[in-house]
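*Asks:* Structure file query.cif (mmCIF, C-alpha atoms) right here:
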```
data_start
loop_
_atom_site.group_PDB
_atom_site.id
_atom_site.type_symbol
_atom_site.label_atom_id
_atom_site.label_comp_id
_atom_site.auth_asym_id
_atom_site.auth_seq_id
_atom_site.Cartn_x
_atom_site.Cartn_y
_atom_site.Cartn_z
ATOM 1 C CA MET J 1 -11.235 40.643 -2.173
ATOM 2 C CA ALA J 2 -11.717 43.490 -4.618
ATOM 3 C CA ALA J 3 -10.204 46.012 -2.174
ATOM 4 C CA ARG J 4 -6.960 44.014 -2.250
ATOM 5 C CA GLY J 5 -6.884 43.701 -6.024
ATOM 6 C CA VAL J 6 -7.982 40.065 -6.053
ATOM 7 C CA PRO J 7 -10.341 39.349 -8.949
ATOM 8 C CA ARG J 8 -13.843 38.285 -7.972
ATOM 9 C CA ASN J 9 -14.341 35.231 -10.144
ATOM 10 C CA VAL J 10 -15.361 31.620 -9.727
ATOM 11 C CA HIS J 11 -11.755 30.508 -9.302
ATOM 12 C CA THR J 12 -10.937 32.868 -6.438
ATOM 13 C CA PHE J 13 -14.256 32.228 -4.708
ATOM 14 C CA SER J 14 -13.772 28.447 -5.002
ATOM 15 C CA ALA J 15 -10.221 28.677 -3.688
ATOM 16 C CA LEU J 16 -11.342 30.826 -0.761
ATOM 17 C CA MET J 17 -14.136 28.369 0.091
ATOM 18 C CA ASN J 18 -11.610 25.535 0.079
ATOM 19 C CA VAL J 19 -9.217 27.433 2.356
ATOM 20 C CA CYS J 20 -12.076 28.107 4.788
ATOM 21 C CA ILE J 21 -12.944 24.401 4.898
ATOM 22 C CA LYS J 22 -9.327 23.375 5.474
ATOM 23 C CA ALA J 23 -9.182 25.876 8.339
ATOM 24 C CA GLY J 24 -12.329 24.387 9.869
ATOM 25 C CA GLN J 25 -14.258 27.578 9.135
ATOM 26 C CA HIS J 26 -17.307 25.960 7.581
ATOM 27 C CA GLN J 27 -19.656 28.873 8.105
ATOM 28 C CA ALA J 28 -17.127 31.187 6.473
ATOM 29 C CA ALA J 29 -17.068 28.856 3.438
ATOM 30 C CA LEU J 30 -20.861 29.096 3.223
ATOM 31 C CA ASP J 31 -20.602 32.883 3.526
ATOM 32 C CA VAL J 32 -18.182 32.904 0.575
ATOM 33 C CA TRP J 33 -20.686 30.759 -1.365
ATOM 34 C CA ARG J 34 -23.382 33.368 -0.741
ATOM 35 C CA GLU J 35 -20.982 36.129 -1.771
ATOM 36 C CA LEU J 36 -20.204 34.258 -5.011
ATOM 37 C CA GLN J 37 -23.895 34.102 -5.812
ATOM 38 C CA GLU J 38 -24.443 37.765 -4.954
ATOM 39 C CA ALA J 39 -21.531 38.681 -7.235
ATOM 40 C CA GLY J 40 -23.282 36.924 -10.097
ATOM 41 C CA CYS J 41 -20.535 34.344 -10.584
ATOM 42 C CA ARG J 42 -21.521 31.076 -12.187
ATOM 43 C CA PRO J 43 -20.275 28.130 -10.095
ATOM 44 C CA ASN J 44 -18.185 25.434 -11.741
ATOM 45 C CA VAL J 45 -17.639 21.781 -10.850
ATOM 46 C CA VAL J 46 -14.911 22.698 -8.329
ATOM 47 C CA THR J 47 -17.225 25.172 -6.598
ATOM 48 C CA PHE J 48 -20.035 22.637 -6.395
ATOM 49 C CA ASN J 49 -17.694 19.898 -5.114
ATOM 50 C CA THR J 50 -16.443 22.265 -2.418
ATOM 51 C CA LEU J 51 -20.001 23.149 -1.458
ATOM 52 C CA ILE J 52 -20.933 19.453 -1.186
ATOM 53 C CA ASP J 53 -17.888 18.951 1.036
ATOM 54 C CA VAL J 54 -18.821 21.779 3.420
ATOM 55 C CA TYR J 55 -22.438 20.618 3.650
ATOM 56 C CA GLY J 56 -21.260 17.108 4.450
ATOM 57 C CA LYS J 57 -18.938 18.370 7.157
ATOM 58 C CA THR J 58 -21.698 20.444 8.754
ATOM 59 C CA GLY J 59 -24.285 17.662 8.878
ATOM 60 C CA GLN J 60 -26.337 19.078 6.024
ATOM 61 C CA TRP J 61 -26.367 15.989 3.787
ATOM 62 C CA ALA J 62 -29.778 16.893 2.337
ATOM 63 C CA GLU J 63 -28.331 20.216 1.154
ATOM 64 C CA ALA J 64 -25.445 18.306 -0.439
ATOM 65 C CA LEU J 65 -27.996 16.321 -2.447
ATOM 66 C CA LYS J 66 -29.620 19.558 -3.605
ATOM 67 C CA VAL J 67 -26.227 20.684 -4.860
ATOM 68 C CA LEU J 68 -25.967 17.487 -6.920
ATOM 69 C CA ALA J 69 -29.349 18.230 -8.495
ATOM 70 C CA ARG J 70 -28.265 21.777 -9.267
ATOM 71 C CA MET J 71 -25.007 20.491 -10.762
ATOM 72 C CA LYS J 72 -26.964 18.305 -13.164
ATOM 73 C CA GLU J 73 -28.720 21.421 -14.449
ATOM 74 C CA GLU J 74 -25.833 23.877 -14.490
ATOM 75 C CA VAL J 75 -22.580 22.041 -15.201
ATOM 76 C CA ARG J 76 -23.757 18.605 -16.353
ATOM 77 C CA HIS J 77 -20.425 17.186 -15.288
ATOM 78 C CA ARG J 78 -19.862 15.284 -12.099
ATOM 79 C CA THR J 79 -16.523 13.775 -11.138
ATOM 80 C CA VAL J 80 -15.171 11.137 -8.796
ATOM 81 C CA ILE J 81 -14.588 14.034 -6.389
ATOM 82 C CA THR J 82 -18.279 14.965 -6.579
ATOM 83 C CA TYR J 83 -19.442 11.483 -5.718
ATOM 84 C CA SER J 84 -16.727 10.853 -3.139
ATOM 85 C CA ALA J 85 -17.773 14.046 -1.334
ATOM 86 C CA LEU J 86 -21.441 13.005 -1.481
ATOM 87 C CA ILE J 87 -20.740 9.494 -0.211
ATOM 88 C CA SER J 88 -18.576 10.966 2.535
ATOM 89 C CA ALA J 89 -21.408 13.362 3.478
ATOM 90 C CA CYS J 90 -23.760 10.383 3.740
ATOM 91 C CA GLU J 91 -21.196 8.418 5.751
ATOM 92 C CA ARG J 92 -20.648 11.270 8.216
ATOM 93 C CA ASN J 93 -24.367 11.596 8.757
ATOM 94 C CA GLY J 94 -25.391 7.954 9.200
ATOM 95 C CA GLN J 95 -26.969 7.614 5.760
ATOM 96 C CA TRP J 96 -25.476 4.303 4.566
ATOM 97 C CA GLU J 97 -28.428 3.499 2.284
ATOM 98 C CA LEU J 98 -28.107 6.841 0.551
ATOM 99 C CA ALA J 99 -24.339 6.356 0.265
ATOM 100 C CA LEU J 100 -25.006 3.073 -1.521
ATOM 101 C CA GLN J 101 -27.518 4.789 -3.822
ATOM 102 C CA MET J 102 -24.997 7.520 -4.667
ATOM 103 C CA PHE J 103 -22.392 4.849 -5.430
ATOM 104 C CA GLY J 104 -24.833 3.141 -7.802
ATOM 105 C CA GLN J 105 -25.636 6.439 -9.497
ATOM 106 C CA MET J 106 -21.931 7.140 -9.871
ATOM 107 C CA LEU J 107 -21.389 3.824 -11.623
ATOM 108 C CA ARG J 108 -24.421 4.316 -13.875
ATOM 109 C CA GLU J 109 -22.979 7.657 -14.982
ATOM 110 C CA GLY J 110 -19.735 5.934 -15.923
ATOM 111 C CA CYS J 111 -17.731 7.624 -13.187
ATOM 112 C CA ASN J 112 -15.062 5.296 -11.795
ATOM 113 C CA PRO J 113 -14.633 5.229 -8.010
ATOM 114 C CA ASN J 114 -11.225 5.630 -6.383
ATOM 115 C CA ILE J 115 -9.903 4.477 -3.007
ATOM 116 C CA ILE J 116 -11.396 7.539 -1.282
ATOM 117 C CA THR J 117 -14.828 6.668 -2.665
ATOM 118 C CA TYR J 118 -14.518 3.060 -1.580
ATOM 119 C CA ASN J 119 -13.233 3.985 1.874
ATOM 120 C CA SER J 120 -16.150 6.351 2.491
ATOM 121 C CA LEU J 121 -18.668 3.764 1.326
ATOM 122 C CA ILE J 122 -17.175 0.924 3.376
ATOM 123 C CA THR J 123 -17.060 3.215 6.434
ATOM 124 C CA ALA J 124 -20.724 4.166 5.908
ATOM 125 C CA LEU J 125 -21.700 0.502 5.612
ATOM 126 C CA ALA J 126 -19.669 -0.402 8.688
ATOM 127 C CA ALA J 127 -21.408 2.308 10.726
ATOM 128 C CA GLY J 128 -24.746 0.917 9.551
ATOM 129 C CA ALA J 129 -23.803 -2.640 10.640
ATOM 130 C CA GLN J 130 -23.873 -3.751 6.997
ATOM 131 C CA TRP J 131 -20.824 -6.029 7.096
ATOM 132 C CA GLU J 132 -21.933 -8.227 4.175
ATOM 133 C CA ARG J 133 -22.400 -5.206 1.933
ATOM 134 C CA ALA J 134 -19.066 -3.790 3.113
ATOM 135 C CA ALA J 135 -17.409 -7.095 2.178
ATOM 136 C CA ASP J 136 -19.075 -6.965 -1.255
ATOM 137 C CA VAL J 137 -17.794 -3.427 -1.834
ATOM 138 C CA PHE J 138 -14.314 -4.523 -0.740
ATOM 139 C CA ALA J 139 -14.425 -7.381 -3.277
ATOM 140 C CA LYS J 140 -15.523 -4.916 -5.989
ATOM 141 C CA LEU J 141 -12.640 -2.619 -5.053
ATOM 142 C CA GLN J 142 -10.199 -5.486 -5.506
ATOM 143 C CA ARG J 143 -11.742 -6.565 -8.833
ATOM 144 C CA GLN J 144 -11.349 -3.014 -10.091
ATOM 145 C CA GLY J 145 -7.647 -3.188 -9.256
ATOM 146 C CA CYS J 146 -7.866 -0.460 -6.632
ATOM 147 C CA GLU J 147 -5.224 -0.822 -3.914
ATOM 148 C CA PRO J 148 -6.700 -1.000 -0.379
ATOM 149 C CA ASP J 149 -5.005 1.141 2.268
ATOM 150 C CA VAL J 150 -5.025 1.311 6.059
ATOM 151 C CA VAL J 151 -8.322 3.251 6.005
ATOM 152 C CA THR J 152 -9.908 0.510 3.897
ATOM 153 C CA TYR J 153 -8.791 -2.267 6.219
ATOM 154 C CA THR J 154 -9.810 -0.319 9.335
ATOM 155 C CA ALA J 155 -13.270 0.341 7.929
ATOM 156 C CA LEU J 156 -13.633 -3.308 6.938
ATOM 157 C CA ILE J 157 -12.589 -4.503 10.399
ATOM 158 C CA ASN J 158 -15.079 -2.080 11.952
ATOM 159 C CA ALA J 159 -17.793 -3.553 9.754
ATOM 160 C CA TYR J 160 -17.388 -6.879 11.542
#
```
Represent the structure of the file as structure tokens.
*Replies:*
Amino acid sequence: MAARGVPRNVHTFSALMNVCIKAGQHQAALDVWRELQEAGCRPNVVTFNTLIDVYGKTGQWAEALKVLARMKEEVRHRTVITYSALISACERNGQWELALQMFGQMLREGCNPNIITYNSLITALAAGAQWERAADVFAKLQRQGCEPDVVTYTALINAY
């Protein structure tokens, strides 16, 4: 980056990690993460969210949880994106119970879920044959005034 005149800061590293993920280059995103650390850059909430996303997509859900713990120490601010990425990581890796725990933690922290959060959680519950819990989450989604989409309905149908 520096050779091309691109500043080496948390924003450029985070953006580069995100581009790597979108290109399906998950290992490259992790390499950029290591480079960020070696450069002495302090990660921000966007960096941590991106790291959670890449760990979830590479089957490393336990590493994603470690990132959450580190976030609590370093940035003290978690967002709906943080928790949606964590719940998605759990969903992708067959961890429906953990997804439900993360959802509960999210609510306790006063972070409001969005349709992406709900879709990931319902999908995780469906994969775990937890149709009653999936139906409960769907009811909660509706009470919150969140608008279900085709992903929501597909996940709910799969739960049954």
*Asks:* Rounded to one decimal place, report the atom CA of J:Ala64-atom CA of J:Ala85 distance in Å.
*Replies:*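 For atom CA of J:Ala64 relative to atom CA of J:Ala85, the distance reads 8.8 Å.
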*Asks:* For atom CA of J:Glu97 and atom CA of J:Arg133, determine how far apart the two atoms are, in Å to one decimal place.
*Replies:*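 A separation of 10.6 Å between them.
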*Asks:* Take atom CA of J:Met106 and atom CA of J:Tyr118 and report the distance between them in Å, one decimal.
*Replies:* 11.8 Å
*Asks:* Assuming the chain letters and numbering stay as they are in my file, what does the PyMOL selection byres ((chain J and resi 138) around 9) actually select? List them as a ChimeraX atom specification.
*Replies:* /J:118-119,122,133-137,139-143,148,152,156
*Asks:* Edge lengths and centre in Å to one decimal, as lines of an AutoDock Vina configuration file, of the axis-aligned box that encloses all listed atoms of stretch 83-97 of chain J with 8 Å added on every side?
*Replies:*
```
center_x = -22.6
center_y = 8.8
center_z = 1.7
size_x = 27.7
size_y = 26.5
size_z = 30.9
```
*Asks:* When distances are computed from only C-alpha atoms, which of J:Thr82, J:Gln37, J:Thr50, J:Asn44 shows the smallest separation from J:Asn18?
*Replies:*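 Answer, going by the shortest atom-to-atom distance: J:Thr50.
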*Asks:* May I have a table of the residues of stretch 39-157 of chain J lying at most 12 Å from stretch 23-26 of chain J, giving each one's closest pair of atoms and their distance in Å to one decimal, counting only C-alpha atoms, ordered by chain and ascending residue number, as CSV?
*Replies:*
```
residue,atom,partner,partner_atom,distance
J:Thr50,CA,J:His26,CA,10.7
J:Leu51,CA,J:His26,CA,9.8
J:Ile52,CA,J:His26,CA,11.5
J:Asp53,CA,J:His26,CA,9.6
J:Val54,CA,J:His26,CA,6.1
J:Tyr55,CA,J:His26,CA,8.4
J:Gly56,CA,J:His26,CA,10.2
J:Lys57,CA,J:His26,CA,7.8
J:Thr58,CA,J:His26,CA,7.1
J:Gly59,CA,J:His26,CA,10.9
J:Gln60,CA,J:His26,CA,11.5
```
*Asks:* Tell me which protein, DNA and RNA residues are within 12 Å of J:Thr79, counting all atoms listed in the file, leaving out same-chain ones fewer than 5 positions away, and put them as a ChimeraX atom specification.
*Replies:* /J:44-46,48-49,68,71-72,84-86,105-107,109-114,117
*Asks:* Would you export the selected residues with C-alpha atoms as an mmCIF file, in the coordinates of the input, please?
*Replies:*
```cif
data_model
loop_
_atom_site.group_PDB
_atom_site.id
_atom_site.type_symbol
_atom_site.label_atom_id
_atom_site.label_comp_id
_atom_site.auth_asym_id
_atom_site.auth_seq_id
_atom_site.Cartn_x
_atom_site.Cartn_y
_atom_site.Cartn_z
ATOM 1 C CA ASN J 44 -18.185 25.434 -11.741
ATOM 2 C CA VAL J 45 -17.639 21.781 -10.850
ATOM 3 C CA VAL J 46 -14.911 22.698 -8.329
ATOM 4 C CA PHE J 48 -20.035 22.637 -6.395
ATOM 5 C CA ASN J 49 -17.694 19.898 -5.114
ATOM 6 C CA LEU J 68 -25.967 17.487 -6.920
ATOM 7 C CA MET J 71 -25.007 20.491 -10.762
ATOM 8 C CA LYS J 72 -26.964 18.305 -13.164
ATOM 9 C CA SER J 84 -16.727 10.853 -3.139
ATOM 10 C CA ALA J 85 -17.773 14.046 -1.334
ATOM 11 C CA LEU J 86 -21.441 13.005 -1.481
ATOM 12 C CA GLN J 105 -25.636 6.439 -9.497
ATOM 13 C CA MET J 106 -21.931 7.140 -9.871
ATOM 14 C CA LEU J 107 -21.389 3.824 -11.623
ATOM 15 C CA GLU J 109 -22.979 7.657 -14.982
ATOM 16 C CA GLY J 110 -19.735 5.934 -15.923
ATOM 17 C CA CYS J 111 -17.731 7.624 -13.187
ATOM 18 C CA ASN J 112 -15.062 5.296 -11.795
ATOM 19 C CA PRO J 113 -14.633 5.229 -8.010
ATOM 20 C CA ASN J 114 -11.225 5.630 -6.383
ATOM 21 C CA THR J 117 -14.828 6.668 -2.665
#
```
*Asks:* For the structure shown, which residues end up in the PyMOL selection byres ((chain J and resi 43) around 12)? Put them as a PyMOL selection string, please?
*Replies:* chain J and resi 9-15+17+32-42+44-51+67+70-71+73-76
*Asks:* Out of J:Ala126, J:His77, J:Arg108, J:Ala69, which residue has the shortest atom-to-atom distance to J:Glu91 when counting all atoms listed in the file?
*Replies:*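 Closest candidate: J:Ala126.
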*Asks:* Which residue, J:Cys20, J:Leu121, J:Ala129, J:Ile116, has the smallest gap to J:Val150 when you use only C-alpha atoms?
*Replies:* J:Ile116
